[in-house]
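Chemist: Sharing target-v3.cif below, mmCIF, C-alpha atoms and all ligand atoms:
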data_data
loop_
_atom_site.label_atom_id
_atom_site.label_comp_id
_atom_site.auth_asym_id
_atom_site.auth_seq_id
_atom_site.Cartn_x
_atom_site.Cartn_y
_atom_site.Cartn_z
CA MET L 1 -1.31 -8.96 -29.18
CA VAL L 2 0.14 -7.14 -26.23
CA MET L 3 3.35 -8.69 -24.92
CA GLU L 4 3.00 -9.48 -21.26
CA LYS L 5 5.88 -8.08 -19.26
CA SER L 6 7.90 -10.80 -17.59
CA PHE L 7 8.39 -9.10 -14.28
CA VAL L 8 6.74 -5.97 -13.01
CA TYR L 9 7.70 -3.87 -10.03
CA GLY L 10 6.51 -0.54 -8.73
CA ILE L 11 2.96 -0.57 -10.04
CA ALA L 12 -0.01 -2.66 -9.10
CA VAL L 13 0.11 -6.05 -10.79
CA THR L 14 -2.66 -8.09 -12.39
CA ASP L 15 -3.29 -11.71 -13.26
CA TYR L 16 -0.18 -12.69 -15.23
CA ASN L 17 2.09 -10.86 -12.81
CA PHE L 18 0.20 -11.72 -9.68
CA THR L 19 1.09 -14.62 -7.42
CA GLY L 20 0.01 -16.03 -4.07
CA ARG L 21 -2.24 -14.15 -1.64
CA GLU L 22 -4.84 -16.90 -1.69
CA GLU L 23 -5.82 -16.64 1.95
CA GLU L 24 -5.93 -12.87 1.85
CA THR L 25 -8.01 -12.91 -1.34
CA LYS L 26 -10.51 -15.29 0.23
CA ARG L 27 -10.78 -13.23 3.36
CA LEU L 28 -11.32 -9.93 1.57
CA LYS L 29 -13.81 -11.48 -0.83
CA ALA L 30 -15.79 -12.79 2.12
CA ASN L 31 -15.69 -9.39 3.81
CA PHE L 32 -16.79 -7.59 0.65
CA THR L 33 -19.61 -10.01 0.06
CA SER L 34 -20.95 -9.87 3.58
CA GLY L 35 -20.50 -6.16 4.08
CA ILE L 36 -17.71 -6.29 6.66
CA ASN L 37 -15.30 -3.36 6.71
CA SER L 38 -11.67 -4.23 5.99
CA ILE L 39 -8.42 -2.52 6.83
CA LEU L 40 -5.21 -3.42 5.08
CA ILE L 41 -1.83 -2.31 6.38
CA SER L 42 1.70 -2.96 5.12
CA PRO L 43 4.80 -1.07 4.07
CA ARG L 44 4.81 0.34 0.55
CA ARG L 45 5.15 -2.05 -2.35
CA TYR L 46 3.99 -5.13 -0.52
CA GLY L 47 0.99 -5.49 -2.79
CA LYS L 48 -2.00 -3.80 -1.14
CA THR L 49 -3.25 -2.14 -4.30
CA SER L 50 -2.59 -5.30 -6.30
CA LEU L 51 -4.48 -7.41 -3.80
CA VAL L 52 -7.57 -5.20 -3.68
CA ASP L 53 -7.61 -4.94 -7.49
CA HIS L 54 -7.29 -8.71 -7.66
CA VAL L 55 -10.18 -9.23 -5.26
CA CYS L 56 -12.35 -6.75 -7.15
CA ARG L 57 -11.67 -8.40 -10.49
CA HIS L 58 -12.63 -11.78 -9.14
CA LEU L 59 -15.87 -10.78 -7.53
CA ASN L 60 -19.18 -11.27 -9.15
CA ASN L 61 -20.07 -7.76 -10.21
CA ASP L 62 -23.77 -8.45 -10.30
CA ASP L 63 -23.85 -8.82 -6.56
CA MET L 64 -22.25 -5.55 -5.69
CA ILE L 65 -20.74 -2.37 -6.98
CA ILE L 66 -17.14 -1.54 -6.23
CA VAL L 67 -16.05 2.06 -5.95
CA LYS L 68 -12.29 2.57 -5.87
CA LEU L 69 -10.37 5.73 -5.18
CA ASP L 70 -6.84 6.72 -4.35
CA ILE L 71 -6.57 9.71 -2.05
CA PHE L 72 -2.83 10.18 -2.20
CA GLY L 73 -3.31 13.64 -3.69
CA CYS L 74 -5.85 14.82 -1.12
CA LYS L 75 -4.41 17.30 1.32
CA THR L 76 -7.57 18.53 3.04
CA GLU L 77 -10.85 17.19 4.32
CA TYR L 78 -12.85 18.74 1.50
CA GLU L 79 -10.45 17.59 -1.19
CA PHE L 80 -11.20 14.16 0.16
CA TYR L 81 -14.97 14.73 -0.02
CA ASN L 82 -14.65 15.86 -3.60
CA ALA L 83 -12.61 12.82 -4.55
CA LEU L 84 -15.06 10.55 -2.75
CA ALA L 85 -18.14 12.09 -4.36
CA VAL L 86 -16.64 12.00 -7.86
CA ALA L 87 -15.60 8.37 -7.44
CA VAL L 88 -19.01 7.34 -6.11
CA LEU L 89 -20.93 9.18 -8.82
CA LYS L 90 -18.75 8.07 -11.68
CA GLN L 91 -18.33 4.48 -10.69
CA THR L 92 -21.93 3.82 -9.80
CA ALA L 93 -23.29 5.69 -12.81
CA THR L 94 -22.20 3.12 -15.35
CA LYS L 95 -23.65 0.32 -13.27
CA ILE L 96 -26.93 1.78 -12.20
CA GLN L 97 -29.39 3.18 -14.66
CA LEU L 98 -31.16 6.34 -13.63
CA TRP L 99 -28.48 7.16 -11.18
CA MET L 100 -29.12 10.83 -11.89
CA ASP L 101 -32.37 10.61 -9.96
CA GLU L 102 -30.49 9.65 -6.86
CA ALA L 103 -27.74 12.16 -7.39
CA ARG L 104 -29.83 15.11 -8.50
CA ASP L 105 -30.54 16.36 -5.01
CA PHE L 106 -26.92 16.18 -4.30
CA LEU L 107 -25.66 17.81 -7.45
CA VAL L 108 -28.18 20.57 -7.76
CA ARG L 109 -26.30 22.82 -5.40
CA LEU L 110 -23.13 22.67 -7.43
CA THR L 111 -23.09 25.21 -10.13
CA PRO L 112 -21.56 24.85 -13.52
CA LYS L 113 -18.78 22.37 -12.86
CA ILE L 114 -20.96 19.37 -13.36
CA GLY L 115 -19.89 18.15 -16.68
CA ILE L 116 -18.25 15.19 -14.99
CA PRO L 117 -17.22 12.73 -17.62
CA LEU L 118 -18.91 9.43 -17.05
CA ASP L 119 -16.42 7.18 -18.75
CA PRO L 120 -14.60 5.14 -16.14
CA VAL L 121 -11.12 5.65 -17.56
CA SER L 122 -10.89 9.40 -17.28
CA GLU L 123 -9.11 10.90 -14.33
CA ILE L 124 -10.76 10.79 -10.93
CA SER L 125 -9.03 13.99 -9.98
CA VAL L 126 -11.87 16.09 -11.35
CA SER L 127 -13.27 18.18 -8.56
CA LEU L 128 -16.97 18.76 -8.13
CA GLY L 129 -16.43 22.00 -6.33
CA ILE L 130 -17.92 20.75 -3.09
CA THR L 131 -17.25 23.17 -0.25
CA PRO L 132 -18.56 23.64 3.29
CA GLU L 133 -20.99 26.16 1.77
CA THR L 134 -22.53 23.65 -0.62
CA HIS L 135 -22.52 20.47 1.47
CA SER L 136 -21.97 19.30 4.99
CA PRO L 137 -19.51 16.44 5.49
CA GLU L 138 -22.42 14.16 6.45
CA GLU L 139 -24.24 14.81 3.20
CA VAL L 140 -21.21 13.86 1.17
CA LEU L 141 -20.43 10.83 3.29
CA ASN L 142 -24.01 9.55 3.23
CA MET L 143 -24.60 10.00 -0.48
CA VAL L 144 -23.23 6.57 -1.33
CA GLU L 145 -25.52 4.93 1.20
CA VAL L 146 -28.51 6.80 -0.21
CA ILE L 147 -27.72 5.55 -3.71
CA ALA L 148 -27.10 1.99 -2.51
CA LYS L 149 -30.29 1.90 -0.50
CA ARG L 150 -32.53 3.29 -3.21
CA LYS L 151 -31.07 0.87 -5.71
CA ASN L 152 -30.98 -1.94 -3.19
CA ARG L 153 -27.43 -2.82 -4.12
CA ARG L 154 -24.42 -3.45 -1.95
CA ILE L 155 -21.55 -1.03 -2.53
CA VAL L 156 -17.97 -1.50 -1.38
CA VAL L 157 -15.89 1.66 -1.26
CA CYS L 158 -12.15 0.95 -1.47
CA ILE L 159 -9.94 3.84 -0.41
CA ASP L 160 -6.24 3.55 -1.23
CA GLU L 161 -3.51 5.58 0.51
CA PHE L 162 -5.89 6.11 3.41
CA GLN L 163 -3.01 7.16 5.69
CA GLN L 164 -3.40 10.52 4.00
CA VAL L 165 -6.38 11.21 6.28
CA GLY L 166 -3.97 11.24 9.20
CA GLU L 167 -2.27 14.28 7.68
CA PHE L 168 -5.41 16.42 7.45
CA GLU L 169 -5.83 19.38 9.73
CA ASN L 170 -7.90 18.42 12.80
CA THR L 171 -7.47 14.85 11.77
CA LYS L 172 -9.05 13.33 14.86
CA GLN L 173 -12.21 15.34 14.33
CA VAL L 174 -12.31 14.41 10.65
CA GLN L 175 -11.81 10.76 11.51
CA ALA L 176 -14.64 10.94 14.02
CA ARG L 177 -16.91 12.36 11.32
CA LEU L 178 -16.05 9.62 8.87
CA ARG L 179 -16.45 6.89 11.43
CA SER L 180 -19.77 8.06 12.77
CA ALA L 181 -21.24 8.38 9.28
CA TRP L 182 -19.83 5.10 8.04
CA GLN L 183 -20.87 3.01 11.00
CA HIS L 184 -24.51 3.69 10.17
CA HIS L 185 -24.11 2.43 6.62
CA HIS L 186 -25.72 -0.94 6.02
CA TYR L 187 -25.62 -1.15 2.24
CA THR L 188 -22.14 0.27 1.98
CA SER L 189 -18.97 -1.17 3.44
CA TYR L 190 -15.40 0.08 3.31
CA CYS L 191 -11.98 -1.27 2.54
CA LEU L 192 -9.34 1.16 3.78
CA TYR L 193 -5.71 0.55 2.94
CA GLY L 194 -2.44 2.37 2.95
CA SER L 195 1.27 2.41 3.55
CA LYS L 196 3.18 4.16 6.30
CA ARG L 197 2.67 1.53 8.92
CA HIS L 198 3.19 4.14 11.57
CA MET L 199 0.39 6.43 10.42
CA MET L 200 -2.01 3.58 9.66
CA SER L 201 -1.40 2.12 13.11
CA LYS L 202 -2.04 5.46 14.70
CA ILE L 203 -5.40 5.63 12.96
CA PHE L 204 -6.55 2.04 13.43
CA LEU L 205 -4.71 0.51 16.39
CA ASN L 206 -5.01 3.29 18.89
CA ARG L 207 -7.82 2.85 21.40
CA SER L 208 -8.36 6.55 21.75
CA MET L 209 -8.83 7.11 18.03
CA PRO L 210 -12.20 6.98 16.20
CA PHE L 211 -11.25 4.19 13.79
CA TYR L 212 -10.22 1.78 16.52
CA GLN L 213 -11.86 -1.61 15.77
CA PHE L 214 -13.56 -0.31 12.67
CA GLY L 215 -13.29 -3.60 10.83
CA ASP L 216 -11.33 -6.71 9.97
CA LEU L 217 -7.68 -5.73 10.16
CA LEU L 218 -5.27 -7.46 7.85
CA GLN L 219 -1.56 -6.80 8.23
CA LEU L 220 -0.29 -7.84 4.85
CA GLN L 221 2.88 -9.96 5.04
CA LYS L 222 5.61 -10.58 2.49
CA ILE L 223 4.98 -13.23 -0.14
CA PRO L 224 6.56 -16.56 0.89
CA THR L 225 9.10 -18.34 -1.33
CA ARG L 226 6.74 -21.19 -2.18
CA ASP L 227 4.43 -18.72 -3.90
CA TRP L 228 7.31 -17.32 -5.95
CA MET L 229 8.83 -20.61 -7.09
CA ASP L 230 6.61 -21.57 -10.04
CA TYR L 231 5.87 -17.96 -10.83
CA ILE L 232 9.51 -17.04 -11.39
CA ILE L 233 10.49 -20.30 -13.08
CA ASN L 234 7.54 -20.07 -15.49
CA HIS L 235 8.20 -16.45 -16.34
CA PHE L 236 11.79 -17.31 -17.25
CA GLU L 237 10.60 -20.24 -19.33
CA ALA L 238 8.08 -18.04 -21.12
CA ALA L 239 10.99 -15.82 -22.15
CA GLY L 240 12.97 -18.83 -23.38
CA LYS L 241 15.36 -18.76 -20.41
CA HIS L 242 15.92 -20.84 -17.29
CA VAL L 243 16.38 -20.40 -13.57
CA PRO L 244 17.19 -23.23 -11.12
CA GLU L 245 15.12 -23.64 -7.98
CA GLN L 246 17.97 -22.86 -5.62
CA ILE L 247 18.54 -19.54 -7.40
CA VAL L 248 14.88 -18.65 -6.92
CA GLU L 249 15.38 -19.37 -3.24
CA ARG L 250 18.41 -17.09 -3.22
CA ILE L 251 16.49 -14.30 -4.94
CA CYS L 252 13.80 -14.44 -2.28
CA GLU L 253 16.33 -14.66 0.52
CA VAL L 254 18.46 -11.71 -0.62
CA VAL L 255 15.50 -9.33 -0.67
CA ASP L 256 13.82 -10.98 2.30
CA ASN L 257 10.73 -11.83 0.20
CA TYR L 258 9.82 -8.19 -0.23
CA PRO L 259 7.39 -8.47 -3.18
CA SER L 260 8.45 -5.58 -5.40
CA TYR L 261 12.14 -6.43 -4.93
CA VAL L 262 11.61 -10.09 -5.75
CA GLN L 263 10.16 -8.99 -9.07
CA HIS L 264 12.79 -6.34 -9.64
CA LEU L 265 15.73 -8.65 -8.98
CA SER L 266 14.18 -11.35 -11.17
CA SER L 267 13.75 -8.81 -13.91
CA ILE L 268 17.40 -7.76 -13.76
CA LEU L 269 18.57 -11.37 -13.91
CA LEU L 270 16.28 -12.13 -16.81
CA ASN L 271 17.51 -9.14 -18.77
CA HIS L 272 21.16 -10.06 -18.28
CA LEU L 273 20.60 -13.56 -19.57
CA PRO L 274 21.08 -14.47 -23.24
CA GLN L 275 18.33 -16.39 -25.00
CA GLY L 276 18.30 -20.01 -23.83
CA GLY L 277 20.62 -19.23 -20.92
CA THR L 278 20.40 -20.36 -17.31
CA VAL L 279 20.96 -18.14 -14.27
CA THR L 280 24.09 -19.06 -12.30
CA ASP L 281 25.32 -18.10 -8.86
CA ASP L 282 27.93 -15.77 -10.30
CA MET L 283 25.26 -13.61 -11.87
CA MET L 284 23.64 -12.94 -8.54
CA SER L 285 26.17 -10.49 -7.13
CA VAL L 286 26.17 -8.34 -10.28
CA ALA L 287 22.38 -8.29 -10.29
CA ILE L 288 22.21 -7.39 -6.60
CA SER L 289 24.59 -4.49 -7.18
CA GLU L 290 22.40 -3.29 -10.00
CA LEU L 291 19.30 -3.58 -7.84
CA ILE L 292 20.96 -1.48 -5.16
CA SER L 293 22.27 1.18 -7.52
CA THR L 294 18.94 1.55 -9.34
CA ASN L 295 17.35 2.42 -6.02
CA GLU L 296 20.19 4.51 -4.67
CA ALA L 297 18.68 7.92 -5.38
CA LEU L 298 15.65 7.03 -3.27
CA TYR L 299 17.78 5.76 -0.40
CA MET L 300 19.98 8.84 -0.48
CA GLN L 301 16.91 10.97 -0.18
CA GLN L 302 15.75 8.96 2.82
CA VAL L 303 18.96 9.45 4.80
CA GLU L 304 19.70 12.98 3.66
CA SER L 305 17.89 14.67 6.51
CA LEU L 306 18.83 12.22 9.25
CA SER L 307 20.91 13.33 12.20
CA ALA L 308 24.21 11.65 13.08
CA TYR L 309 22.55 9.88 16.01
CA GLN L 310 19.73 8.61 13.80
CA MET L 311 22.28 7.30 11.32
CA ASN L 312 24.03 5.56 14.20
CA LEU L 313 20.89 3.78 15.27
CA ILE L 314 20.43 2.51 11.72
CA LYS L 315 24.05 1.38 11.75
CA ALA L 316 23.36 -0.62 14.90
CA ILE L 317 20.28 -2.28 13.40
CA VAL L 318 22.05 -3.02 10.12
CA SER L 319 24.86 -4.61 12.15
CA GLY L 320 22.34 -7.08 13.50
CA ILE L 321 21.59 -5.46 16.83
CA HIS L 322 17.83 -5.40 17.28
CA SER L 323 17.46 -4.76 21.00
CA GLY L 324 19.38 -3.91 24.16
CA TYR L 325 20.22 -0.39 23.03
CA ASN L 326 20.16 0.77 26.60
CA GLU L 327 23.18 -1.31 27.46
CA LYS L 328 26.11 0.94 27.95
CA ARG L 329 28.27 -1.19 25.70
CA VAL L 330 25.91 -0.88 22.76
CA ARG L 331 25.32 2.79 23.33
CA SER L 332 28.96 3.63 23.29
CA MET L 333 29.84 1.26 20.47
CA PHE L 334 27.42 3.03 18.17
CA ASP L 335 27.40 6.41 19.85
CA LEU L 336 23.67 6.53 20.53
CA GLY L 337 23.68 9.14 23.27
CA SER L 338 21.59 8.91 26.44
CA PRO L 339 18.70 6.46 26.93
CA SER L 340 16.16 9.26 26.64
CA ASN L 341 17.82 10.39 23.44
CA LEU L 342 17.42 6.86 22.18
CA VAL L 343 13.64 6.91 22.57
CA ARG L 344 13.50 10.05 20.46
CA LEU L 345 15.75 8.54 17.80
CA ARG L 346 13.68 5.42 17.62
CA ASP L 347 10.40 7.29 17.36
CA ALA L 348 11.73 9.61 14.67
CA LEU L 349 12.85 6.67 12.52
CA ILE L 350 9.58 4.81 13.09
CA GLU L 351 7.69 7.93 12.10
CA ARG L 352 9.58 8.00 8.81
CA ASP L 353 8.80 4.35 8.31
CA LEU L 354 12.51 3.54 7.99
CA ILE L 355 12.29 1.09 10.88
CA PHE L 356 9.56 -0.71 12.77
CA SER L 357 9.32 -2.24 16.17
CA GLU L 358 8.12 -5.77 16.77
CA MET L 359 8.19 -7.53 20.13
CA ARG L 360 10.40 -4.72 21.41
CA GLN L 361 12.95 -5.31 18.70
CA LEU L 362 13.82 -2.88 15.95
CA TYR L 363 14.08 -3.83 12.28
CA LEU L 364 14.60 -2.06 8.98
CA THR L 365 11.47 -1.74 6.86
CA ASP L 366 13.32 -2.09 3.57
CA PRO L 367 15.85 -4.92 3.21
CA VAL L 368 17.51 -3.52 0.09
CA PHE L 369 17.90 -0.17 1.78
CA GLY L 370 19.74 -2.20 4.42
CA LEU L 371 22.07 -3.73 1.82
CA TRP L 372 22.79 -0.30 0.40
CA PHE L 373 23.33 1.22 3.83
CA LYS L 374 25.76 -1.53 4.77
CA ARG L 375 27.83 -1.04 1.65
CA ARG L 376 27.82 2.65 1.88
CA PHE L 377 28.27 3.36 5.57
CA LEU L 378 29.59 0.24 7.27
CA TYR L 379 32.29 -1.05 5.00
CA ALA L 380 33.17 2.25 3.45
N1 LIG L 401 0.55 -10.69 -5.39
C1 LIG L 401 1.66 -10.26 -6.01
N2 LIG L 401 2.27 -11.03 -6.93
C2 LIG L 401 3.39 -10.62 -7.54
N3 LIG L 401 3.99 -9.43 -7.31
C3 LIG L 401 3.44 -8.61 -6.40
C4 LIG L 401 2.24 -8.97 -5.72
N4 LIG L 401 1.93 -7.97 -4.88
C5 LIG L 401 2.88 -7.03 -5.04
N5 LIG L 401 3.80 -7.40 -5.94
C6 LIG L 401 4.98 -6.62 -6.36
O1 LIG L 401 5.01 -5.43 -5.59
C7 LIG L 401 4.86 -4.27 -6.43
C8 LIG L 401 4.04 -3.22 -5.74
O2 LIG L 401 2.70 -3.65 -5.61
P1 LIG L 401 1.55 -2.67 -5.13
O3 LIG L 401 0.28 -3.42 -5.19
O4 LIG L 401 1.64 -1.39 -5.87
O5 LIG L 401 1.98 -2.45 -3.59
P2 LIG L 401 1.41 -1.41 -2.52
O6 LIG L 401 0.05 -0.99 -2.94
O7 LIG L 401 1.43 -2.16 -1.23
O8 LIG L 401 2.39 -0.27 -2.50
C9 LIG L 401 4.29 -4.79 -7.72
O9 LIG L 401 4.67 -4.02 -8.83
C10 LIG L 401 4.92 -6.18 -7.80
O10 LIG L 401 6.25 -6.08 -8.28
MG MG L 402 -0.53 0.95 -3.39
#
Go ahead and render the structure in this file as structure tokens.
Modeler:
Amino acid sequence: MVMEKSFVYGIAVTDYNFTGREEETKRLKANFTSGINSILISPRRYGKTSLVDHVCRHLNNDDMIIVKLDIFGCKTEYEFYNALAVAVLKQTATKIQLWMDEARDFLVRLTPKIGIPLDPVSEISVSLGITPETHSPEEVLNMVEVIAKRKNRRIVVCIDEFQQVGEFENTKQVQARLRSAWQHHHYTSYCLYGSKRHMMSKIFLNRSMPFYQFGDLLQLQKIPTRDWMDYIINHFEAAGKHVPEQIVERICEVVDNYPSYVQHLSSILLNHLPQGGTVTDDMMSVAISELISTNEALYMQQVESLSAYQMNLIKAIVSGIHSGYNEKRVRSMFDLGSPSNLVRLRDALIERDLIFSEMRQLYLTDPVFGLWFKRRFLYA
């Protein structure tokens, strides 16, 4: 028997390590079933991949075929087409007999590379060798619809790390191509999700961009404490250890309910505890320090290339100042430079996803980064 891991952080989680998200699951399921396109945006490690996996596992597979791909590694438009075509061919092949008939027209122009392995576990990174000489973008994009139509089956294509498309050369043109092909698909719908709130917003929330109002937009929120309570308590119990309710509340509060950090902090506490033990308040500060230091290398990397002014703006936010940066008092207290300088600072930090703006207020994206930053640069 495989031991289930008590707490998991950093990778997508499944049933035993999955909690909450009931509303979101329902909504996505409904979208998938009725062929509505979905867009899912949140900072990294909020649980997008976990949620889509969860939805896919709990759908009735007879009704539709799910094709999932992660395009994090795709740097160009055609790398994307290759990844898409491989995913579609591989993941529909096992479900639909005689798929080759549908795909033959498509594949015939690709010389020898075609030994694509059909087992679903092997890497998706295989390239088919699709180039502008072999296929037009439209042919690649429409292939899935052709297969779905001929087989009379609904297909949902889930594309993870979709923000990557925003980095392609001529991105607006590429986006226009994707959108105009996809909006004519009736058997195929799309679930597009990714991190980098800034880039995803640029693609989906900007009126002048092709993907504006492409589908049902879901901005994934943190997981509320009530959804963590039983989950954390039960996972401690399963390991023969205990955690009081008010400590669970503290765990959630310290990391501001950021999903991967809730799991990470819980994991540290669990590991420190002897068999049969109960978490106490005193253990919290040690565990928080460990949480911060485990992530320090990443945080260092994030601030390494920041200018002094950019650091100062983060200092202001970490000190609890979320607006009013144009006031002279604030500007001089934190040395933020001129008001026009400030706009540039803000935009640069938003672009890096270190901060975000909500109702004209600025906040840090990552609460534990904030704890680290405070310790390191404010009380140093
Ligand atoms: N529904 C959930 N239940 C429990 N933990 C979750 C959930 N969603 C996310 N997490 C935590 O966040 C981590 C990252 O999840 P992931 O799905 O990879 O996020 P994303 O795709 O947004 O980067 C997981 O390893 C887990 O610790
Ligand atoms: Mg993910």
Chemist: Could you check how far atom CA of Val157 of chain L sits from atom CA of Tyr190 of chain L, in Å to one decimal?
Modeler: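 About the pair atom CA of Val157 of chain L and atom CA of Tyr190 of chain L: they are 4.9 Å apart.
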Chemist: Given the choices L:Gly10, L:Leu354, L:Gly20, L:Cys158, which gets closest to Pro224 of chain L if the distance is worked out from all atoms listed in the file?
Modeler: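 Of all the options, L:Gly20 lies closest to Pro224 of chain L.
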Chemist: Select, from L:Gln175, L:Ser50, L:Ser267, L:Thr225, the residue with the minimum atom-to-atom distance to ligand LIG 401 (chain L), counting only C-alpha atoms and all ligand atoms.
Modeler: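 Closest candidate: L:Ser50.
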Chemist: Ligand LIG 401 (chain L): which residues are within 7 Å, counting all atoms listed in the file? Reply as a list in words.
Modeler: Val8, Tyr9, Gly10, Ile11, Ala12, Val13, Asn17, Phe18, Thr19, Gly20, Arg21, Ser42, Pro43, Arg44, Arg45, Tyr46, Gly47, Lys48, Thr49, Ser50, Leu51, Ser195, Pro259, Ser260, Tyr261, Gln263 and His264 of chain L
Chemist: Write out as a PyMOL selection string the residues lying within 8 Å of segment 269-274 of chain L, counting all atoms listed in the file and excluding same-chain residues fewer than 3 positions away.
Modeler: chain L and resi 236+241+265-266+277-279+283-284+287
Chemist: Just the number, please: distance in Å from atom CA of Phe334 of chain L to atom CA of Asn312 of chain L, one decimal.
Modeler: 5.8 Å
Chemist: Skipping near chain neighbours, those fewer than 2 positions away, what residues fall within 12 Å of Ser201 of chain L using all atoms listed in the file, listed as a PyMOL selection string?
Modeler: chain L and resi 39-43+162-163+166+193-199+203-209+211-213+217-219+350-351+353+356-357
Chemist: Dump C-alpha atoms for the selected residues as a tab-separated table (two decimals), in the coordinates of the input?
Modeler:
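Okay, this is what ended up in part-v1.tsv:
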chain	number	residue	atom	x	y	z
L	39	ILE	CA	-8.42	-2.52	6.83
L	40	LEU	CA	-5.21	-3.42	5.08
L	41	ILE	CA	-1.83	-2.31	6.38
L	42	SER	CA	1.70	-2.96	5.12
L	43	PRO	CA	4.80	-1.07	4.07
L	162	PHE	CA	-5.89	6.11	3.41
L	163	GLN	CA	-3.01	7.16	5.69
L	166	GLY	CA	-3.97	11.24	9.20
L	193	TYR	CA	-5.71	0.55	2.94
L	194	GLY	CA	-2.44	2.37	2.95
L	195	SER	CA	1.27	2.41	3.55
L	196	LYS	CA	3.18	4.16	6.30
L	197	ARG	CA	2.67	1.53	8.92
L	198	HIS	CA	3.19	4.14	11.57
L	199	MET	CA	0.39	6.43	10.42
L	203	ILE	CA	-5.40	5.63	12.96
L	204	PHE	CA	-6.55	2.04	13.43
L	205	LEU	CA	-4.71	0.51	16.39
L	206	ASN	CA	-5.01	3.29	18.89
L	207	ARG	CA	-7.82	2.85	21.40
L	208	SER	CA	-8.36	6.55	21.75
L	209	MET	CA	-8.83	7.11	18.03
L	211	PHE	CA	-11.25	4.19	13.79
L	212	TYR	CA	-10.22	1.78	16.52
L	213	GLN	CA	-11.86	-1.61	15.77
L	217	LEU	CA	-7.68	-5.73	10.16
L	218	LEU	CA	-5.27	-7.46	7.85
L	219	GLN	CA	-1.56	-6.80	8.23
L	350	ILE	CA	9.58	4.81	13.09
L	351	GLU	CA	7.69	7.93	12.10
L	353	ASP	CA	8.80	4.35	8.31
L	356	PHE	CA	9.56	-0.71	12.77
L	357	SER	CA	9.32	-2.24	16.17
Chemist: What does the distance from atom CA of His235 of chain L to atom CA of Leu220 of chain L come to in Å, to one decimal?
Modeler: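 Going from atom CA of His235 of chain L over to atom CA of Leu220 of chain L, I get 24.4 Å.
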Chemist: Within 9 Å of segment 27-36 of chain L, which residues of segment 143-165 of chain L come that close, and what is the closest atom pair and distance in Å for each? Count all atoms listed in the file and give it as JSON lines.
Modeler:
{"residue": "L:Arg154", "atom": "CA", "partner": "L:Gly35", "partner_atom": "CA", "distance": 7.7}
{"residue": "L:Ile155", "atom": "CA", "partner": "L:Gly35", "partner_atom": "CA", "distance": 8.4}
{"residue": "L:Val156", "atom": "CA", "partner": "L:Phe32", "partner_atom": "CA", "distance": 6.5}
Chemist: From the list L:Glu77, L:Glu169, L:Asp63, L:Glu161, which residue is nearest ligand MG 402 (chain L) when using only C-alpha atoms and all ligand atoms?
Modeler: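 Closest candidate: L:Glu161.
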Chemist: Just checking: using all atoms listed in the file, which residue out of L:Glu237, L:Asp160, L:Glu245, L:Glu304 ends up closest to Val67 of chain L?
Modeler: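 Counting all atoms listed in the file, the residue closest to Val67 of chain L is L:Asp160.
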Chemist: Name the residues in contact with Tyr363 of chain L at a cut-off of 10 Å, using all atoms listed in the file, excluding same-chain residues fewer than 4 positions from it; report them as a VMD selection string.
Modeler: chain L and resid 314 317 to 318 320 to 323 350 354 to 358 367 370
Chemist: Rank nothing, just name the residue among L:Gln173, L:Leu84, L:Thr134, L:Leu192 nearest to ligand MG 402 (chain L), using only C-alpha atoms and all ligand atoms.
Modeler: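 Nearest candidate to ligand MG 402 (chain L) out of L:Gln173, L:Leu84, L:Thr134, L:Leu192: L:Leu192.
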Chemist: Taking 6 positions as the minimum chain separation for residues in the same chain, which residues sit within 12 Å of Ser340 of chain L when counting all atoms listed in the file? Answer as a list in words.
Modeler: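 Residues near the query, excluding close chain neighbours: Tyr325, Asn326, Arg331, Arg346 and Asp347 of chain L.
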Chemist: Could you tell me which of L:Lys315, L:Arg344, L:Arg226, L:His185 comes closest to Val330 of chain L if we count only C-alpha atoms?
Modeler: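 Of the candidates, the smallest distance to Val330 of chain L is held by L:Lys315.
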Chemist: Hey, can you pull every residue with an atom no more than 8 Å from (19.3, -2.1, -9.7), using all atoms listed in the file, and send it as a list in words?
Modeler: His264, Leu265, Ile268, Ala287, Ile288, Ser289, Glu290, Leu291, Ile292, Ser293, Thr294 and Asn295 of chain L
Chemist: Can you tell me, as an MDAnalysis selection string, what residues are no more than 10 Å from Val303 of chain L when counting all atoms listed in the file, ignoring any on the same chain fewer than 4 positions away?
Modeler: chainID L and resid 298:299 307 310:311 314 354 373
Chemist: Kindly complete segment 340-345 of chain L to N, CA and C atoms; the output should be written as a compact mmCIF listing (two decimals), keeping the file's coordinate frame.
Modeler:
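In the end it all went to part-v9.txt:
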# COMPACT_ATOMS: atom_id res chain seq x y z
N SER L 340 17.34 8.48 27.03
CA SER L 340 16.16 9.26 26.64
C SER L 340 16.31 9.75 25.20
N ASN L 341 17.53 10.03 24.82
CA ASN L 341 17.82 10.39 23.44
C ASN L 341 17.41 9.26 22.51
N LEU L 342 17.68 8.05 22.98
CA LEU L 342 17.42 6.86 22.18
C LEU L 342 15.94 6.73 21.83
N VAL L 343 15.08 7.01 22.81
CA VAL L 343 13.64 6.91 22.57
C VAL L 343 13.25 7.88 21.45
N ARG L 344 13.81 9.06 21.51
CA ARG L 344 13.50 10.05 20.46
C ARG L 344 13.98 9.59 19.09
N LEU L 345 15.19 9.04 19.07
CA LEU L 345 15.75 8.54 17.80
C LEU L 345 14.85 7.49 17.20
